[in-house]
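See below for input02.txt, which holds compact mmCIF, C-alpha atoms.
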# COMPACT_ATOMS: atom_id res chain seq x y z
CA MET J 729 56.73 29.30 15.28
CA SER J 730 59.64 27.00 15.98
CA ALA J 731 58.42 26.67 19.56
CA LEU J 732 55.10 25.50 18.15
CA ALA J 733 56.68 23.03 15.78
CA ALA J 734 58.36 21.28 18.66
CA ALA J 735 55.13 20.80 20.56
CA PRO J 736 56.34 19.76 24.03
CA VAL J 737 58.49 22.88 24.45
CA LEU J 738 57.45 24.66 27.63
CA GLY J 739 58.17 28.16 28.78
CA SER J 740 58.87 30.14 25.60
CA ALA J 741 55.27 30.29 24.37
CA PRO J 742 53.20 28.45 26.97
CA VAL J 743 49.79 29.67 25.78
CA LEU J 744 50.40 28.78 22.15
CA THR J 745 51.80 25.42 23.12
CA ALA J 746 48.77 24.70 25.26
CA LEU J 747 46.53 25.57 22.31
CA ALA J 748 48.47 23.37 19.93
CA GLU J 749 48.65 20.46 22.29
CA THR J 750 45.15 19.05 22.62
CA LEU J 751 46.09 15.39 22.63
CA THR J 752 48.10 13.62 25.30
CA GLU J 753 50.97 11.28 24.52
CA THR J 754 48.69 8.25 24.35
CA GLY J 755 46.41 9.88 21.77
CA ARG J 756 43.62 10.67 24.20
CA THR J 757 41.94 14.05 24.53
CA THR J 758 42.36 16.34 27.49
CA THR J 759 39.74 16.38 30.24
CA GLY J 760 38.56 19.82 29.19
CA GLU J 761 37.80 18.62 25.70
CA ALA J 762 36.05 15.53 27.05
CA VAL J 763 33.79 17.75 29.16
CA LEU J 764 33.07 19.95 26.14
CA PHE J 765 32.22 16.90 24.06
CA TRP J 766 29.90 15.32 26.64
CA VAL J 767 28.09 18.63 27.12
CA ILE J 768 27.71 19.47 23.45
CA ALA J 769 27.08 16.01 21.96
CA PRO J 770 23.74 15.37 23.77
CA VAL J 771 22.58 18.88 22.83
CA MET J 772 23.44 18.17 19.20
CA VAL J 773 21.63 14.84 19.15
CA VAL J 774 18.51 16.34 20.77
CA ALA J 775 18.55 19.25 18.30
CA ALA J 776 18.95 16.84 15.38
CA LEU J 777 15.98 14.85 16.69
CA GLY J 778 14.15 18.16 16.74
CA LEU J 779 14.65 18.31 12.96
CA LEU J 780 13.11 14.86 12.70
CA PHE J 781 10.11 15.49 14.95
CA ALA J 782 9.37 19.23 14.92
CA ARG J 783 5.86 20.01 13.67
CA LYS J 784 6.77 23.46 12.38
CA ALA J 785 9.42 23.93 9.71
CA VAL J 786 10.86 27.04 11.39
CA HIS J 787 11.51 25.08 14.60
CA ALA J 788 13.28 22.41 12.56
CA ALA J 789 15.44 25.07 10.88
CA LEU J 790 16.38 26.62 14.21
CA SER J 791 17.38 23.25 15.67
CA VAL J 792 19.58 22.65 12.63
CA VAL J 793 21.21 26.05 13.29
CA LEU J 794 21.92 24.84 16.84
CA VAL J 795 23.49 21.64 15.51
CA MET J 796 25.70 23.61 13.12
CA ILE J 797 26.93 26.08 15.74
CA SER J 798 27.76 23.18 18.08
CA LEU J 799 29.66 21.55 15.20
CA ALA J 800 31.73 24.71 14.87
CA PHE J 801 32.67 24.36 18.55
CA LEU J 802 33.73 20.76 18.00
CA TYR J 803 35.82 21.73 14.95
CA VAL J 804 37.71 24.36 16.94
CA ALA J 805 38.22 21.87 19.76
CA GLN J 806 39.64 19.44 17.22
CA ASP J 807 42.33 21.86 15.96
CA ALA J 808 40.33 22.74 12.83
CA VAL J 809 40.08 26.46 13.56
CA PHE J 810 39.65 27.49 9.94
CA LEU J 811 36.80 25.03 9.38
CA GLY J 812 35.16 26.17 12.62
CA ILE J 813 35.00 29.74 11.37
CA VAL J 814 33.90 28.67 7.88
CA GLN J 815 31.21 26.52 9.46
CA VAL J 816 29.73 29.54 11.23
CA VAL J 817 30.04 31.86 8.23
CA VAL J 818 28.92 29.49 5.46
CA TYR J 819 26.49 27.13 7.14
CA THR J 820 24.90 29.07 9.97
CA GLY J 821 25.28 32.44 8.34
CA ALA J 822 24.48 31.77 4.70
CA VAL J 823 22.93 28.36 4.15
CA MET J 824 20.52 28.29 7.08
CA MET J 825 19.44 31.89 6.51
CA LEU J 826 18.72 30.93 2.90
CA PHE J 827 16.61 28.07 4.25
CA LEU J 828 14.71 30.47 6.50
CA PHE J 829 14.16 32.84 3.56
CA VAL J 830 12.68 30.03 1.47
CA LEU J 831 10.55 28.88 4.42
CA MET J 832 9.07 32.37 4.64
CA LEU J 833 8.55 32.42 0.87
CA VAL J 834 6.94 28.99 0.70
CA GLY J 835 4.77 29.65 3.72
CA VAL J 836 5.64 28.98 7.34
CA ASP J 837 2.49 26.96 7.92
CA ALA J 838 3.22 24.52 5.09
CA SER J 839 2.98 21.43 7.25
CA ASP J 840 3.50 17.78 6.44
CA THR J 841 0.78 15.76 4.83
CA LEU J 842 -0.02 12.53 6.60
CA VAL J 843 -1.22 10.75 3.47
CA GLU J 844 1.03 7.87 2.48
CA THR J 845 1.56 7.76 -1.27
CA ILE J 846 3.59 4.58 -1.00
CA ARG J 847 1.98 2.03 1.31
CA GLY J 848 3.96 1.26 4.44
CA GLN J 849 6.58 3.87 3.51
CA ARG J 850 6.66 5.22 7.06
CA TRP J 851 7.43 1.85 8.61
CA ILE J 852 10.00 0.97 5.96
CA GLY J 853 11.62 4.37 6.53
CA TRP J 854 11.84 3.84 10.28
CA LEU J 855 13.20 0.33 9.83
CA ALA J 856 15.82 1.43 7.27
CA GLY J 857 16.85 4.41 9.40
CA VAL J 858 17.26 2.44 12.62
CA GLY J 859 19.07 -0.31 10.71
CA LEU J 860 21.45 2.20 9.13
CA GLY J 861 22.11 3.74 12.53
CA ALA J 862 22.80 0.37 14.13
CA VAL J 863 25.20 -0.66 11.37
CA LEU J 864 27.05 2.68 11.31
CA VAL J 865 27.41 3.03 15.07
CA GLY J 866 28.33 -0.62 15.41
CA VAL J 867 31.07 -0.46 12.79
CA VAL J 868 32.45 2.95 13.75
CA GLY J 869 32.28 2.29 17.47
CA GLY J 870 33.61 -1.24 17.25
CA THR J 871 36.68 -0.51 15.13
CA VAL J 872 40.02 -0.29 16.93
CA TYR J 873 41.91 2.78 15.73
CA ALA J 874 45.61 3.45 15.95
CA PRO J 875 46.51 5.97 18.66
CA ALA J 876 45.59 9.45 17.40
CA THR J 877 48.52 11.49 16.14
CA GLY J 878 47.09 14.95 16.67
CA LEU J 879 47.61 17.96 14.44
CA ALA J 880 50.33 19.72 16.43
CA GLU J 881 52.89 19.05 13.71
CA ALA J 882 50.62 19.71 10.71
CA ASN J 883 49.33 22.93 12.30
CA ALA J 884 52.83 24.16 13.07
CA ASP J 885 52.37 27.27 10.89
CA SER J 886 48.80 27.76 12.22
CA ASN J 887 45.83 25.86 10.85
CA PRO J 888 44.68 28.23 8.05
CA VAL J 889 48.18 28.28 6.58
CA GLY J 890 48.33 24.50 6.62
CA VAL J 891 44.95 24.17 4.91
CA ALA J 892 45.84 26.88 2.39
CA ARG J 893 49.05 25.04 1.41
CA LEU J 894 46.92 22.03 0.47
CA VAL J 895 44.04 23.93 -1.17
CA PHE J 896 46.29 26.13 -3.30
CA GLY J 897 48.95 23.49 -3.79
CA GLU J 898 48.00 19.88 -4.19
CA TYR J 899 44.27 20.49 -4.68
CA VAL J 900 44.39 23.68 -6.75
CA PHE J 901 42.63 22.04 -9.69
CA ALA J 902 39.77 20.88 -7.49
CA PHE J 903 39.62 24.42 -6.13
CA GLU J 904 39.25 25.85 -9.66
CA VAL J 905 36.56 23.31 -10.51
CA VAL J 906 34.66 24.17 -7.34
CA GLY J 907 34.83 27.85 -8.33
CA ALA J 908 33.28 27.01 -11.70
CA LEU J 909 30.64 24.97 -9.88
CA LEU J 910 29.70 27.92 -7.68
CA VAL J 911 29.31 30.24 -10.69
CA THR J 912 27.20 27.61 -12.46
CA ALA J 913 25.05 27.16 -9.36
CA ALA J 914 24.41 30.89 -9.09
CA LEU J 915 23.44 31.05 -12.78
CA GLY J 916 21.27 27.95 -12.39
CA ALA J 917 19.41 29.49 -9.48
CA LEU J 918 18.81 32.63 -11.55
CA VAL J 919 17.46 30.62 -14.48
CA LEU J 920 15.29 28.40 -12.26
CA THR J 921 13.63 31.25 -10.39
CA HIS J 922 13.20 33.45 -13.48
CA HIS J 923 9.85 33.25 -15.20
CA GLU J 924 8.71 34.68 -18.50
CA ARG J 925 5.92 37.26 -18.41
CA LEU J 926 3.06 35.87 -20.51
CA LEU J 927 0.81 38.94 -20.27
CA PRO J 928 1.81 42.62 -20.33
CA ARG J 929 2.32 44.13 -16.92
CA ARG J 930 -0.78 45.69 -15.32
CA GLY J 931 0.38 48.85 -13.61
CA GLN J 932 -1.54 51.69 -12.01
CA ARG J 933 -2.32 53.37 -15.33
CA GLU J 934 -3.76 50.20 -16.89
CA ARG J 935 -5.95 49.52 -13.87
CA ALA J 936 -7.22 53.13 -13.84
CA ASP J 937 -8.05 52.92 -17.56
CA ALA J 938 -9.94 49.67 -16.96
CA ARG J 939 -11.95 51.29 -14.16
CA VAL J 940 -12.97 54.21 -16.37
CA LYS J 941 -13.90 51.88 -19.20
CA ALA J 942 -16.05 49.75 -16.88
CA GLY J 943 -17.99 52.84 -15.78
CA ALA J 944 -17.24 52.45 -12.09
CA THR J 945 -17.30 55.38 -9.66
CA LEU J 946 -14.28 57.52 -10.39
CA THR J 947 -14.30 59.58 -7.22
CA PRO J 948 -13.45 58.10 -3.84
CA PRO J 949 -16.48 56.64 -2.01
CA PRO J 950 -18.13 59.01 0.48
CA ALA J 951 -16.77 58.95 4.01
CA PRO J 952 -19.16 57.80 6.74
CA GLY J 953 -20.91 60.44 8.81
CA VAL J 954 -20.71 63.26 6.24
CA TYR J 955 -23.74 65.59 6.60
CA ALA J 956 -25.24 63.23 9.18
CA GLN J 957 -25.84 64.14 12.84
CA ARG J 958 -22.78 62.28 14.05
CA ASN J 959 -19.56 61.53 12.23
CA ALA J 960 -18.95 58.11 13.81
CA MET J 961 -17.66 55.31 11.60
CA ASP J 962 -20.94 53.39 11.74
CA VAL J 963 -23.22 56.23 10.63
CA PRO J 964 -23.84 56.35 6.89
CA ALA J 965 -23.26 59.61 5.05
CA LEU J 966 -26.20 61.50 3.60
CA ASP J 967 -26.49 62.51 0.00
CA PRO J 968 -27.71 66.02 -0.99
CA GLN J 969 -31.31 64.78 -0.88
CA GLY J 970 -30.84 63.59 2.70
CA ARG J 971 -30.95 59.89 1.92
CA PRO J 972 -28.42 57.67 3.67
CA LEU J 973 -25.63 56.23 1.52
CA GLU J 974 -25.23 52.66 2.73
CA HIS J 975 -21.95 52.08 0.90
CA SER J 976 -20.21 54.83 2.85
CA VAL J 977 -20.05 52.57 5.89
CA SER J 978 -17.24 50.05 6.01
CA ARG J 979 -18.11 46.73 4.43
CA VAL J 980 -16.98 44.90 7.56
CA LEU J 981 -19.36 46.85 9.80
CA ARG J 982 -22.23 46.24 7.38
CA ALA J 983 -21.46 42.52 7.27
CA ARG J 984 -21.44 42.35 11.05
CA GLY J 985 -24.73 44.29 11.22
CA GLN J 986 -23.09 47.02 13.30
CA ALA J 987 -23.92 49.94 11.01
CA ALA J 988 -26.20 52.46 12.72
CA ASP J 989 -29.30 53.87 11.06
CA ALA J 990 -28.92 57.34 9.59
CA PRO J 991 -30.53 59.87 11.93
CA PRO J 992 -33.13 62.15 10.36
CA VAL J 993 -31.86 65.59 9.38
CA LEU J 994 -34.87 67.62 10.55
CA PRO J 995 -34.06 70.50 12.95
CA ALA J 996 -36.58 69.22 15.49
CA ALA J 997 -34.92 65.87 15.52
CA ASP J 998 -31.60 67.66 15.90
CA ALA J 999 -32.84 69.45 19.06
CA ASP J 1000 -34.29 66.21 20.36
CA GLU J 1001 -30.96 64.46 19.82
CA GLY J 1002 -29.14 67.28 21.63
CA SER J 1003 -31.39 67.15 24.70
CA ARG J 1004 -30.97 63.44 24.98
CA ARG J 1005 -27.19 63.73 25.17
CA MET S 381 38.29 10.33 26.08
CA ASN S 382 39.13 8.61 22.83
CA PRO S 383 38.75 10.81 19.71
CA SER S 384 36.72 8.04 18.07
CA ASN S 385 33.75 9.23 20.16
CA TYR S 386 33.45 12.01 17.59
CA LEU S 387 32.99 9.35 14.93
CA VAL S 388 30.11 7.76 16.84
CA LEU S 389 28.47 11.18 17.19
CA SER S 390 28.96 11.72 13.47
CA ALA S 391 27.31 8.36 12.71
CA VAL S 392 24.33 9.23 14.93
CA LEU S 393 23.88 12.62 13.24
CA PHE S 394 24.16 11.02 9.79
CA THR S 395 21.46 8.50 10.70
CA ILE S 396 19.10 11.20 11.97
CA GLY S 397 19.65 13.15 8.74
CA ALA S 398 18.94 10.08 6.62
CA MET S 399 15.78 9.33 8.60
CA THR S 400 14.64 12.92 8.08
CA VAL S 401 15.02 12.50 4.33
CA LEU S 402 13.10 9.21 4.45
CA LEU S 403 10.29 10.24 6.77
CA ARG S 404 9.48 13.93 6.37
CA ARG S 405 7.20 15.00 3.53
CA ASN S 406 8.02 18.71 3.51
CA ALA S 407 10.63 19.29 0.81
CA VAL S 408 12.46 22.02 2.76
CA ILE S 409 12.78 19.83 5.87
CA ALA S 410 13.93 16.83 3.84
CA PHE S 411 16.54 19.09 2.31
CA MET S 412 17.73 20.13 5.76
CA GLY S 413 18.18 16.41 6.45
CA VAL S 414 20.61 16.29 3.51
CA GLU S 415 22.49 19.22 5.03
CA LEU S 416 22.68 17.39 8.35
CA MET S 417 24.14 14.34 6.61
CA LEU S 418 26.79 16.49 4.92
CA ASN S 419 27.68 18.11 8.25
CA ALA S 420 28.00 14.72 9.93
CA THR S 421 30.37 13.63 7.17
CA ASN S 422 32.43 16.77 7.73
CA LEU S 423 32.73 15.96 11.41
CA ALA S 424 34.00 12.49 10.54
CA LEU S 425 36.52 13.99 8.08
CA VAL S 426 37.83 16.46 10.64
CA THR S 427 38.17 13.70 13.24
CA PHE S 428 40.03 11.43 10.84
CA SER S 429 42.29 14.33 9.91
CA ARG S 430 43.18 14.75 13.56
CA MET S 431 43.64 11.04 14.22
CA ASN S 432 46.03 10.70 11.29
CA GLY S 433 47.82 14.01 11.81
CA ASP S 434 47.11 15.01 8.20
CA LEU S 435 45.31 18.13 7.00
CA VAL S 436 43.90 16.50 3.86
CA GLY S 437 40.77 15.55 5.79
CA GLN S 438 40.13 19.19 6.64
CA THR S 439 40.72 20.18 3.02
CA LEU S 440 38.13 17.63 1.91
CA ALA S 441 35.68 18.95 4.51
CA PHE S 442 36.23 22.43 3.12
CA PHE S 443 35.39 21.24 -0.40
CA VAL S 444 32.30 19.46 0.94
CA MET S 445 31.15 22.75 2.45
CA VAL S 446 31.57 24.63 -0.84
CA VAL S 447 29.75 21.96 -2.83
CA ALA S 448 26.99 21.90 -0.20
CA ALA S 449 26.57 25.65 -0.58
CA ALA S 450 26.18 25.29 -4.36
CA GLU S 451 23.77 22.39 -3.86
CA VAL S 452 21.64 24.40 -1.44
CA VAL S 453 21.34 27.28 -3.90
CA VAL S 454 20.14 25.04 -6.74
CA GLY S 455 17.95 22.86 -4.53
CA LEU S 456 16.15 25.77 -2.93
CA ALA S 457 15.67 27.37 -6.35
CA ILE S 458 14.03 24.13 -7.53
CA ILE S 459 11.78 24.07 -4.45
CA VAL S 460 10.74 27.68 -5.06
CA ALA S 461 10.08 26.96 -8.75
CA ILE S 462 7.94 23.93 -7.86
CA PHE S 463 6.10 25.92 -5.22
CA ARG S 464 5.29 28.61 -7.80
CA THR S 465 3.65 26.16 -10.18
CA ARG S 466 2.08 23.68 -7.73
CA GLN S 467 1.47 25.92 -4.68
CA SER S 468 2.82 23.15 -2.47
CA ALA S 469 6.12 22.28 -0.81
CA SER S 470 5.28 18.63 -0.23
CA VAL S 471 7.39 16.00 -1.95
CA ASP S 472 4.24 13.93 -2.54
CA ASP S 473 2.75 16.47 -4.93
CA VAL S 474 5.62 16.29 -7.41
CA ASN S 475 4.25 13.37 -9.39
CA LEU S 476 3.66 14.84 -12.85
CA MET S 477 5.88 12.18 -14.44
CA LYS S 478 3.75 9.39 -13.01
CA GLY S 479 1.92 7.48 -15.74
Serialized structure, structure tokens:
Amino acid sequence: MSALAAAPVLGSAPVLTALAETLTETGRTTTGEAVLFWVIAPVMVVAALGLLFARKAVHAALSVVLVMISLAFLYVAQDAVFLGIVQVVVYTGAVMMLFLFVLMLVGVDASDTLVETIRGQRWIGWLAGVGLGAVLVGVVGGTVYAPATGLAEANADSNPVGVARLVFGEYVFAFEVVGALLVTAALGALVLTHHERLLPRRGQRERADARVKAGATLTPPPAPGVYAQRNAMDVPALDPQGRPLEHSVSRVLRARGQAADAPPVLPAADADEGSRR
Amino acid sequence: MNPSNYLVLSAVLFTIGAMTVLLRRNAVIAFMGVELMLNATNLALVTFSRMNGDLVGQTLAFFVMVVAAAEVVVGLAIIVAIFRTRQSASVDDVNLMKG
């Protein structure tokens, strides 16, 4: 640990020192990190644009997952190891899966309406968005920052320990409040998705009673082909008097006009049918 | 590379998230835009933490993540509740308060 605290020490723990030392003396990143950034940043921007332009909500959700995993990479590259792991667990693992659950619940094909409720809202939105982007990028990119210090000293006892000292030390009250917020949010979600039952539940017994009361057929409908010459699906069954029972053939086949006529049950016809085969 | 490049990336992501909220009509997608904005802010916080050599930025990002998780739970519950009554997930259909 002491070797880590004095960052430029070489030899005693070279691997750990290399991990802790991601900034050069002048406050610039190493070449490896620059390569990582220039590979990941375009992917992130394209995926974020996918959220903006994707027709299907599931595609938008998956591109947001891509953005969040890439963010985890950038956090780890920036010496925020703890946040990198939390990013994967909380955002990609929990939040985005919750989004996908709700997308499945609400209906995957719920697409955008193109009707404008506020006139010109689309153009105003584009204008405001591009303006915001120009202002933000201009200010952030144009500012001259002091040379970056790097976290080698603050992360001397490893990054999670450093963050834990702050969370459970200086910010312990905020931590307690956030805990209360999480409990409240869980309860709120329960209350919001709970709905009172206005009518008594209709189970199997109630539906059976209703069928008997309505005088419907209590037995199962006859299967097609029973007592007929062939037992194919499209041949209606015959009742004891030899008349075809149209409702024994599947409703779909009847609607398509694919139900066959019932063959006569006379023995002569039977022989005739046999010779034709 | 200067670490402030991360800040520019964070600004770009924030803008795309804001435009998603402004332009998309599907409530779930607009909500994902809010998530993207929160993530972009976290990236800026982590970068500032590194530039100043102070872990407070990372602590703040951690709290942002927790609050975002709580917000997602309540927001999605509201979307599901609205979908149950209106059979629609479009933000345009939630206009019962309109006179």
Next item on the list: Define the interface residues of chain J facing chain S as those within 7 Å, counting only C-alpha atoms, and report them as a PyMOL selection string.
Entry: chain J and resi 756-757+762+769+773+776-777+780+785+806+811+823+834+838-841+845+850+853-854+857+860-861+864-865+868-869+876-879+882+891+894-895+910+913+916-917+920-921
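Here CA of Met824 in chain J stands at a distance of 10.8 Å from CA of Ala788 in chain J.
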Notebook entry, point to check: Mind pulling up the distance from CA of Gly866 in chain J to CA of Val809 in chain J?
Noted result: 29.6 Å
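The gap separating CA of Ala951 in chain J from CA of Pro968 in chain J is 14.0 Å, in Å to one decimal.
The nearest approach to Pro972 in chain J among the residues J:Leu831, J:Ala960, J:Val954, J:Ala808, with all atoms listed in the file taken into account, belongs to J:Val954.
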Box for range 391-404 of chain S - axis-aligned, 6 Å on each of the six sides, all listed atoms - centre and size in Å to one decimal, as AutoDock Vina command-line options.
--center_x 18.4 --center_y 11.1 --center_z 9.6 --size_x 29.8 --size_y 17.6 --size_z 22.6
Just so I have it separately, write range 433-455 of chain S from the block I sent, keeping N, CA, C and O atoms, as an mmCIF file, in the first residue's frame.
data_model
loop_
_atom_site.group_PDB
_atom_site.id
_atom_site.type_symbol
_atom_site.label_atom_id
_atom_site.label_comp_id
_atom_site.auth_asym_id
_atom_site.auth_seq_id
_atom_site.Cartn_x
_atom_site.Cartn_y
_atom_site.Cartn_z
ATOM 1 N N GLY S 433 -8.357 15.345 -8.503
ATOM 2 C CA GLY S 433 -7.731 14.453 -7.538
ATOM 3 C C GLY S 433 -8.522 14.308 -6.261
ATOM 4 O O GLY S 433 -7.976 14.166 -5.179
ATOM 5 N N ASP S 434 -9.874 14.326 -6.371
ATOM 6 C CA ASP S 434 -10.735 14.313 -5.189
ATOM 7 C C ASP S 434 -11.854 13.307 -5.441
ATOM 8 O O ASP S 434 -12.469 13.317 -6.508
ATOM 9 N N LEU S 435 -12.120 12.443 -4.458
ATOM 10 C CA LEU S 435 -13.116 11.392 -4.691
ATOM 11 C C LEU S 435 -14.550 11.863 -4.477
ATOM 12 O O LEU S 435 -15.480 11.076 -4.647
ATOM 13 N N VAL S 436 -14.754 13.109 -4.097
ATOM 14 C CA VAL S 436 -16.121 13.580 -3.845
ATOM 15 C C VAL S 436 -16.967 13.471 -5.108
ATOM 16 O O VAL S 436 -18.147 13.132 -5.058
ATOM 17 N N GLY S 437 -16.351 13.734 -6.266
ATOM 18 C CA GLY S 437 -17.094 13.622 -7.519
ATOM 19 C C GLY S 437 -17.631 12.224 -7.713
ATOM 20 O O GLY S 437 -18.793 12.038 -8.103
ATOM 21 N N GLN S 438 -16.827 11.220 -7.418
ATOM 22 C CA GLN S 438 -17.291 9.833 -7.560
ATOM 23 C C GLN S 438 -18.391 9.521 -6.560
ATOM 24 O O GLN S 438 -19.343 8.803 -6.870
ATOM 25 N N THR S 439 -18.280 10.084 -5.351
ATOM 26 C CA THR S 439 -19.334 9.868 -4.358
ATOM 27 C C THR S 439 -20.653 10.452 -4.857
ATOM 28 O O THR S 439 -21.707 9.822 -4.741
ATOM 29 N N LEU S 440 -20.570 11.651 -5.424
ATOM 30 C CA LEU S 440 -21.794 12.268 -5.961
ATOM 31 C C LEU S 440 -22.371 11.408 -7.088
ATOM 32 O O LEU S 440 -23.583 11.206 -7.160
ATOM 33 N N ALA S 441 -21.503 10.890 -7.963
ATOM 34 C CA ALA S 441 -21.993 10.041 -9.054
ATOM 35 C C ALA S 441 -22.692 8.811 -8.499
ATOM 36 O O ALA S 441 -23.721 8.367 -9.022
ATOM 37 N N PHE S 442 -22.153 8.275 -7.406
ATOM 38 C CA PHE S 442 -22.778 7.123 -6.769
ATOM 39 C C PHE S 442 -24.182 7.473 -6.274
ATOM 40 O O PHE S 442 -25.145 6.737 -6.507
ATOM 41 N N PHE S 443 -24.326 8.641 -5.631
ATOM 42 C CA PHE S 443 -25.650 9.048 -5.165
ATOM 43 C C PHE S 443 -26.587 9.283 -6.338
ATOM 44 O O PHE S 443 -27.785 8.954 -6.265
ATOM 45 N N VAL S 444 -26.065 9.838 -7.429
ATOM 46 C CA VAL S 444 -26.912 10.036 -8.620
ATOM 47 C C VAL S 444 -27.442 8.697 -9.109
ATOM 48 O O VAL S 444 -28.620 8.562 -9.463
ATOM 49 N N MET S 445 -26.582 7.679 -9.098
ATOM 50 C CA MET S 445 -27.023 6.358 -9.556
ATOM 51 C C MET S 445 -28.156 5.823 -8.685
ATOM 52 O O MET S 445 -29.149 5.290 -9.186
ATOM 53 N N VAL S 446 -28.016 5.972 -7.361
ATOM 54 C CA VAL S 446 -29.043 5.436 -6.462
ATOM 55 C C VAL S 446 -30.359 6.165 -6.681
ATOM 56 O O VAL S 446 -31.432 5.552 -6.787
ATOM 57 N N VAL S 447 -30.288 7.508 -6.766
ATOM 58 C CA VAL S 447 -31.512 8.274 -6.970
ATOM 59 C C VAL S 447 -32.120 7.925 -8.324
ATOM 60 O O VAL S 447 -33.349 7.814 -8.455
ATOM 61 N N ALA S 448 -31.275 7.692 -9.345
ATOM 62 C CA ALA S 448 -31.806 7.326 -10.655
ATOM 63 C C ALA S 448 -32.531 5.992 -10.577
ATOM 64 O O ALA S 448 -33.578 5.812 -11.215
ATOM 65 N N ALA S 449 -31.995 5.057 -9.785
ATOM 66 C CA ALA S 449 -32.668 3.768 -9.657
ATOM 67 C C ALA S 449 -34.056 3.951 -9.042
ATOM 68 O O ALA S 449 -35.054 3.395 -9.536
ATOM 69 N N ALA S 450 -34.150 4.774 -7.967
ATOM 70 C CA ALA S 450 -35.444 5.026 -7.344
ATOM 71 C C ALA S 450 -36.391 5.697 -8.333
ATOM 72 O O ALA S 450 -37.576 5.342 -8.433
ATOM 73 N N GLU S 451 -35.852 6.643 -9.105
ATOM 74 C CA GLU S 451 -36.673 7.385 -10.064
ATOM 75 C C GLU S 451 -37.216 6.453 -11.149
ATOM 76 O O GLU S 451 -38.366 6.561 -11.562
ATOM 77 N N VAL S 452 -36.365 5.509 -11.595
ATOM 78 C CA VAL S 452 -36.806 4.574 -12.628
ATOM 79 C C VAL S 452 -37.956 3.720 -12.117
ATOM 80 O O VAL S 452 -38.950 3.505 -12.821
ATOM 81 N N VAL S 453 -37.839 3.256 -10.865
ATOM 82 C CA VAL S 453 -38.892 2.396 -10.318
ATOM 83 C C VAL S 453 -40.222 3.134 -10.321
ATOM 84 O O VAL S 453 -41.234 2.637 -10.831
ATOM 85 N N VAL S 454 -40.229 4.372 -9.799
ATOM 86 C CA VAL S 454 -41.490 5.109 -9.711
ATOM 87 C C VAL S 454 -41.986 5.492 -11.110
ATOM 88 O O VAL S 454 -43.170 5.359 -11.421
ATOM 89 N N GLY S 455 -41.064 5.955 -11.957
ATOM 90 C CA GLY S 455 -41.482 6.380 -13.297
ATOM 91 C C GLY S 455 -42.088 5.246 -14.094
ATOM 92 O O GLY S 455 -43.132 5.417 -14.734
#
